[in-house]
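Here is the structure we will look at.
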Amino acid sequence: MADRSQFRLLAERRFGPFFATQFLGAFNDNVFKNALVILIAFQAGTSAGLRPDVLVNLAGALFIVPFLLLSATAGQLADKYDKSRVIRAVKLLEVGIAVLGAAGFMRRDLGLLLTALFLFGLHSTLFGPVKYSILPRTLRDEELVGGNALVETGTSIAILAGTIVGGILVALADGPAVAVPVTIVAVALAGYAVSRFVPPVPTADPDLEIGWNVAAETWAVFRVARRDRTVFLSILGVSWFWFYGFLLLSQFPAFAREYLGGDEHVATLLLAALSIGIGAGSLACERMSGHKVELGLVPFGSIGLTLFALDLFLASPAGAGGELAGIGAFLARPGAARVLFDLVAIGLFSGFFIVPLYALIQSRAEKQHQARIIAANNVLNAVFMVIAALFSAALLQRGVTVPQLFLVTAALNAAVAAFIYTLVPEFLMRFLAWLLIHSVYRLEKAGLQHIPETGPALLVCNHVSFVDAVVIMAACRRPIRFVMDHNIFKIPVLNFIFRTARAIPIAPRRADPDALERAYAEVAAALRAGDLVGIFPEGRLTENGEMNAFRGGVKRIVEETPVPVIPMALRGLWGSTFSRDGGPAMTRPFRRGLFSRIALVAAPAWSPEAVTPEALQAQVLALRGDRR
């Protein structure tokens with residue numbers, strides 16, 4: 001199932017109508033918002049004594065306010081009621097909001113338009129918890145990354161299409177009076193019609209009592225979200241991404257006009273480049289993660305977000321004067337391609353950053369509280385975006401330039417990323433493991449479906465190189481606690497990975513009998529806690545590529561704690577720089593070149609009663625075959 005294309009979900013009723021509904025909602029939001037932003041930035045002049053770029057930032061903050069006020073209530077509604085009913089009610093509300101916004105455009109009434117903008121924010125607030133909590137209810141675990149990738153890609157395409165359509169329509173002679181109003185009302189009606197095909201979704205907590213005290217309920221959803229430290233810190237990571245994104249996106253109109261010398265169509269092109277990148281990154285993330293929640297892509301994404309925001313600052317012209325250029329004239333100018341490349345790259349790495357975080361939150365959140373945890377995420381997202389809006393508006397008002405704001409964004413992203421990975425070293429550990437098998441090796445996998453999704457099991461494997469445990473960790477969906485020789489555990493860099501993965505160092509009885517007994521006790525405790533434990537029963541690395549005899553420790557483990565045993569075999573690592581082929585390991589870098597092919601193969605689980613060291617060795621040898 002994991003090897004089937006994620007796009008098949010679009011044809012299935014459990015996903016397709018929901019996808020279309022959220023796509024149309026995101027499209028309509030951006031038709032309205034970009035039409036309003038263009039109206040303010042290029043046609044409305046100054047309002048209330050504020051510069052247009054400052055007013056655009058404050059309007060963005062207004063859209064976010066409902067997330068602060070009502071996300072907790074929205075999360076409760078999504079947990080208490082059938083999510084399909086909530087979706088239909090929210091889409092019906094969107095129709096009324098679109099009618100109000102249409103009236104604002106027809107009258108060119110800024111007050112009415114800002115009111116509609118606030119209500120569109122309310123619509124998104126109510127839809128948000130449903131949007132992300134419905135996926136783990138309707139998709140299988142191995143489909144979560146693909147489903148999130150499709151949602152993020154669809155949202156990016158909707159933003160791109162809505163932004164282009166909104167910019168084109170408002171620039172027409174009768175755009176504000178006719179084209180924009182007709183479009184937003186028609187799309188809202190279409191969204192409601194499609195929402196009626198979303199199938200019923202079982203309620204998460206039907207006995208939940210809705211609390212209407214905004215402050216108390218908001219604090220309550222935070223308490224729920226903080227129960228799992230990794231989930232909560234992932235929410236902080238998502239919220240930081242929205243801070244970063246808001247700082248960037250809200251500057252596009254002023255950046256296009258004042259620094260690139262472009263008109264409103266150039267501003268739309270900048271957002272289009274970013275959206276294309278996000279869509280591509282989201283889809284690539286699903287393939288690069290191997291159909292599982294791969295946290296290693298998050299640091300990879302943050303590195304790209306920093307580097308290309310920095311290059312966007314370096315690529316920014318000093319300023320532009322004269323008549324504003326259209327897209328064709330802009331593209332002919334020196335430096336235009338570099339600016340667009342930076343924006344596509346920022347979008348690409350955004351997908352690598354955000355998709356695994358959303359999938360992690362969904363997969364690890366308590367099932368009964370998923371929507372409320374998403375609501376806590378939305379509240380924090382809103383807080384960070386409001387701070388970003390006020391922060392950018394204050395800096396701009398004090399004379400900071402838009403390119404300088406890009407530089408500030410890059411610097412802040414580097415600092416915050418380092419802080420998050422210090423708090424959650426699992427992200428960095430997974431990144432190093434992912435980097436190993438995508439830079440030094442090309443890993444093939446077979447039979448890994450035999451590893452249980454939940455509950456304890458003992459994984460046994462042949463021992464070929466110093467990175468065997470890292471390769472297996474990178475290939476498997478679940479965290480694994482490896483039992484490993486205390487000397488390998490101490491290797492620099494790898495030691496960070498092993499400590500973060502809570503590996504269990506073990507020493508021979510003759511070297512340290514107390515450490516040996518502590519290791520066995522820790523293995524038993526881990527299995528009783530429902531963890532996966534990995535062991536190399538040979539007890540040492542092979543010196544000649546052939547397997548050493550399996551020792552009796554594996555038998556002792558399953559006698560003390562009877563759990564299923566999964567035989568596994570590594571193929572192709574013998575002869576790599578991390579093996580002892582031709583002398584000590586790690587003395588001849590890249591002796592087989594880059595991207596050498598290796599494989600990890602697993603067999604069905606054995607019952608603990610059937611386990612003997614000799615029988616397991618024969619099974620692992622058969623799995624390995626002739627490919628050492």
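Just so we're on the same page: first chain in the structure tokens is A, next is B, and so on; residues restart at 1 for each chain, and ligands are numbered from 1 in the order they show up.
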
I need the residues in segment 383-456 of chain A that are helix (DSSP H, G or I) according to DSSP; give them as a PyMOL selection string.
chain A and resi 383-397+402-423+425-439+448-450

Long-range neighbours of Leu297 of chain A as number ranges by chain, 12 Å cut-off, only C-alpha atoms, 6 positions minimum in chain:
A: 281-282, 284-290, 303-304, 348-357, 360, 426-435, 438, 474

Deliver the residues from the most recent selection as a file, using C-alpha atoms, as a tab-separated table (two decimals), in the first residue's frame.
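Listed below is the output, result_10.tsv:
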chain	number	residue	atom	x	y	z
A	281	GLY	CA	8.42	20.64	-1.93
A	282	SER	CA	5.33	19.07	-0.35
A	284	ALA	CA	8.81	15.74	-3.01
A	285	CYS	CA	8.66	15.44	0.78
A	286	GLU	CA	6.26	12.50	0.51
A	287	ARG	CA	8.69	10.59	-1.72
A	288	MET	CA	11.84	11.61	0.13
A	289	SER	CA	10.34	10.54	3.45
A	290	GLY	CA	9.69	7.00	2.19
A	303	ILE	CA	18.61	25.19	6.48
A	304	GLY	CA	17.13	26.01	3.07
A	348	LEU	CA	10.55	24.05	-1.80
A	349	PHE	CA	12.24	23.96	1.60
A	350	SER	CA	9.01	25.14	3.24
A	351	GLY	CA	7.41	21.88	2.09
A	352	PHE	CA	10.27	19.87	3.60
A	353	PHE	CA	9.82	21.78	6.86
A	354	ILE	CA	6.06	21.89	7.32
A	355	VAL	CA	4.69	18.58	5.98
A	356	PRO	CA	6.56	16.30	8.43
A	357	LEU	CA	5.65	18.58	11.34
A	360	LEU	CA	3.94	14.27	13.35
A	426	GLU	CA	15.29	13.88	17.80
A	427	PHE	CA	14.91	16.21	14.81
A	428	LEU	CA	18.67	16.59	14.36
A	429	MET	CA	19.27	12.89	15.00
A	430	ARG	CA	16.78	11.93	12.31
A	431	PHE	CA	18.36	14.49	9.96
A	432	LEU	CA	21.82	12.97	10.36
A	433	ALA	CA	20.41	9.48	9.82
A	434	TRP	CA	18.41	10.63	6.77
A	435	LEU	CA	21.46	12.44	5.39
A	438	HIS	CA	20.61	9.82	1.04
A	474	ALA	CA	16.46	5.79	9.06

Surrounding residues of Ser607 of chain A excluding itself and chain neighbours under 4 positions, 10 Å, only C-alpha atoms, as an MDAnalysis selection string
chainID A and resid 558 562:566 611

Using only C-alpha atoms, determine which residues lie at most 7 Å from segment 220-233 of chain A, disregarding the query and same-chain residues fewer than 5 positions distant; provide the list as number ranges by chain.
A: 72, 361, 364-365, 372-373, 376, 424

Neighbours of Leu340 of chain A within 9 Å (only C-alpha atoms; same-chain residues fewer than 2 positions away dropped), as a PyMOL selection string?
chain A and resi 269-270+273-274+312+335-338+342-345

Go through A:Ile87, A:Leu458, A:Val151, A:Ala393 and flag the residue nearest Gly553 of chain A, using only C-alpha atoms for the distances.
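For Gly553 of chain A, the nearest of the candidates is A:Leu458.
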
Proximity to Thr561 of chain A - best of A:Ala525, A:Gly16, A:Ala605, A:Gly539, only C-alpha atoms:
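Counting only C-alpha atoms, the residue closest to Thr561 of chain A is A:Ala525.
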
Min atom-atom distance to Pro200 of chain A from the set A:Val31, A:Leu412, A:Arg580, A:Arg85, counting only C-alpha atoms, belongs to A:Arg85

With a distance cut-off of 12 Å and only C-alpha atoms, select the neighbouring residues of Tyr520 of chain A, excluding the residue or stretch itself and same-chain residues fewer than 6 positions from it, and output the selection as an MDAnalysis selection string.
chainID A and resid 482:484 504:509 513:514 526:527 533 535 553:561

Using atom CA of Val194 of chain A and atom CA of Val180 of chain A as the two end points, give the distance in Å to one decimal.
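These atoms are spaced 21.3 Å apart.
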
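For the atom pair formed by atom CA of Pro199 of chain A and atom CA of Val86 of chain A, the distance is 11.8 Å, given to one decimal.
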
Any idea what's packed within 9 Å of Trp242 of chain A, counting only C-alpha atoms, ignoring anything in its chain fewer than 5 positions away? Could you give it as a list in words?
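What passes the distance filter is Gly237, Leu247, Asn381, Ala382, Phe384, Met385 and Ala388 of chain A.
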
Given the selection you just returned, output its residues as a file containing N, CA, C and O atoms, formatted as a compact mmCIF listing (two decimals), in the first residue's frame.
# COMPACT_ATOMS: atom_id res chain seq x y z
N GLY A 237 7.28 24.76 16.27
CA GLY A 237 7.97 24.81 15.00
C GLY A 237 7.06 25.27 13.87
O GLY A 237 7.44 26.09 13.02
N LEU A 247 6.19 37.27 7.63
CA LEU A 247 7.18 38.33 7.40
C LEU A 247 7.52 38.45 5.92
O LEU A 247 7.67 39.55 5.38
N ASN A 381 -0.15 29.68 16.06
CA ASN A 381 0.12 30.22 14.72
C ASN A 381 -0.33 31.67 14.64
O ASN A 381 0.38 32.55 14.12
N ALA A 382 -1.55 31.91 15.15
CA ALA A 382 -2.11 33.26 15.10
C ALA A 382 -1.28 34.24 15.92
O ALA A 382 -1.01 35.37 15.49
N PHE A 384 1.88 34.06 16.63
CA PHE A 384 3.14 34.31 15.94
C PHE A 384 2.92 35.22 14.73
O PHE A 384 3.77 36.07 14.43
N MET A 385 1.81 35.05 14.01
CA MET A 385 1.57 35.89 12.83
C MET A 385 1.22 37.31 13.22
O MET A 385 1.64 38.27 12.55
N ALA A 388 4.37 38.84 14.08
CA ALA A 388 5.10 39.12 12.84
C ALA A 388 4.57 40.37 12.16
O ALA A 388 5.35 41.21 11.66

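Taking only C-alpha atoms into account, His123 of chain A lies nearest to A:Lys91 out of the set A:Lys91, A:Arg257, A:His265, A:His369.
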
Which residues of segment 401-456 of chain A come within 12 Å of segment 124-145 of chain A, and what is each one's closest atom pair and distance in Å (one decimal), counting only C-alpha atoms, sorted by chain and residue number, as JSON lines?
{"residue": "A:Gln449", "atom": "CA", "partner": "A:Glu142", "partner_atom": "CA", "distance": 10.3}
{"residue": "A:Glu453", "atom": "CA", "partner": "A:Asp141", "partner_atom": "CA", "distance": 8.8}
{"residue": "A:Thr454", "atom": "CA", "partner": "A:Asp141", "partner_atom": "CA", "distance": 11.3}

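Atom CA of Ile488 of chain A sits 10.3 Å away from atom CA of Ala469 of chain A.
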
Pick the closest to Glu152 of chain A from A:Gly262, A:Gly347, A:Gly455, A:Gly166: which is it, counting only C-alpha atoms?
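Under the stated criterion, the closest residue is A:Gly347.
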
Pick from A:Phe32, A:Phe7, A:Phe241, A:Phe578: nearest to Thr306 of chain A, with only C-alpha atoms counted?
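Checking each of A:Phe32, A:Phe7, A:Phe241, A:Phe578 against Thr306 of chain A, counting only C-alpha atoms, the winner is A:Phe241.
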
Run DSSP on the backbone and give me the residues of segment 469-507 of chain A it puts in strand (DSSP E), as a short mmCIF file (atom, residue, chain, number, x, y, z; two decimals) with all heavy atoms, in the first residue's frame.
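Output contents, as saved in result.cif:
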data_model
loop_
_atom_site.label_atom_id
_atom_site.label_comp_id
_atom_site.auth_asym_id
_atom_site.auth_seq_id
_atom_site.Cartn_x
_atom_site.Cartn_y
_atom_site.Cartn_z
N ILE A 480 13.50 3.11 17.44
CA ILE A 480 14.06 1.82 17.88
C ILE A 480 15.14 2.09 18.92
O ILE A 480 15.99 2.95 18.71
CB ILE A 480 14.67 1.03 16.70
CG1 ILE A 480 13.64 0.82 15.59
CG2 ILE A 480 15.21 -0.32 17.18
CD1 ILE A 480 14.24 0.30 14.30
N ARG A 481 15.10 1.35 19.99
CA ARG A 481 16.15 1.44 21.01
C ARG A 481 17.13 0.30 20.76
O ARG A 481 16.79 -0.88 20.95
CB ARG A 481 15.55 1.37 22.41
CG ARG A 481 14.60 2.51 22.73
CD ARG A 481 14.31 2.57 24.21
NE ARG A 481 15.53 2.86 24.97
CZ ARG A 481 15.58 2.88 26.30
NH1 ARG A 481 14.48 2.63 27.01
NH2 ARG A 481 16.71 3.14 26.93
N PHE A 482 18.33 0.64 20.31
CA PHE A 482 19.31 -0.38 19.96
C PHE A 482 20.19 -0.73 21.15
O PHE A 482 20.59 0.13 21.93
CB PHE A 482 20.20 0.10 18.81
CG PHE A 482 19.58 -0.13 17.47
CD1 PHE A 482 18.88 0.88 16.84
CD2 PHE A 482 19.69 -1.36 16.84
CE1 PHE A 482 18.30 0.68 15.61
CE2 PHE A 482 19.11 -1.58 15.60
CZ PHE A 482 18.41 -0.56 14.99
N VAL A 483 20.49 -2.02 21.25
CA VAL A 483 21.51 -2.50 22.17
C VAL A 483 22.81 -2.56 21.37
O VAL A 483 22.86 -3.21 20.32
CB VAL A 483 21.16 -3.90 22.73
CG1 VAL A 483 22.24 -4.37 23.70
CG2 VAL A 483 19.79 -3.87 23.40
N MET A 484 23.84 -1.86 21.84
CA MET A 484 25.07 -1.82 21.04
C MET A 484 26.31 -1.81 21.93
O MET A 484 26.25 -1.42 23.10
CB MET A 484 25.08 -0.60 20.13
CG MET A 484 25.02 0.74 20.83
SD MET A 484 25.09 2.09 19.64
CE MET A 484 23.71 1.67 18.59
N ASP A 485 27.39 -2.25 21.36
CA ASP A 485 28.67 -2.29 22.05
C ASP A 485 29.02 -0.90 22.58
O ASP A 485 28.85 0.11 21.89
CB ASP A 485 29.76 -2.78 21.10
CG ASP A 485 31.10 -2.90 21.79
OD1 ASP A 485 31.84 -1.90 21.80
OD2 ASP A 485 31.40 -4.00 22.32
N ILE A 504 21.02 1.53 24.08
CA ILE A 504 21.41 0.88 25.34
C ILE A 504 22.81 0.32 25.17
O ILE A 504 23.01 -0.68 24.47
CB ILE A 504 20.41 -0.24 25.68
CG1 ILE A 504 18.99 0.33 25.78
CG2 ILE A 504 20.82 -0.95 26.97
CD1 ILE A 504 17.91 -0.73 25.86
N PRO A 505 23.84 0.95 25.76
CA PRO A 505 25.20 0.42 25.63
C PRO A 505 25.36 -0.86 26.44
O PRO A 505 24.81 -1.00 27.54
CB PRO A 505 26.07 1.54 26.19
CG PRO A 505 25.17 2.31 27.11
CD PRO A 505 23.79 2.20 26.54
N ILE A 506 26.11 -1.78 25.90
CA ILE A 506 26.32 -3.06 26.57
C ILE A 506 27.80 -3.41 26.48
O ILE A 506 28.48 -3.07 25.51
CB ILE A 506 25.46 -4.17 25.94
CG1 ILE A 506 25.42 -5.42 26.81
CG2 ILE A 506 25.90 -4.49 24.52
CD1 ILE A 506 24.36 -6.43 26.36
#
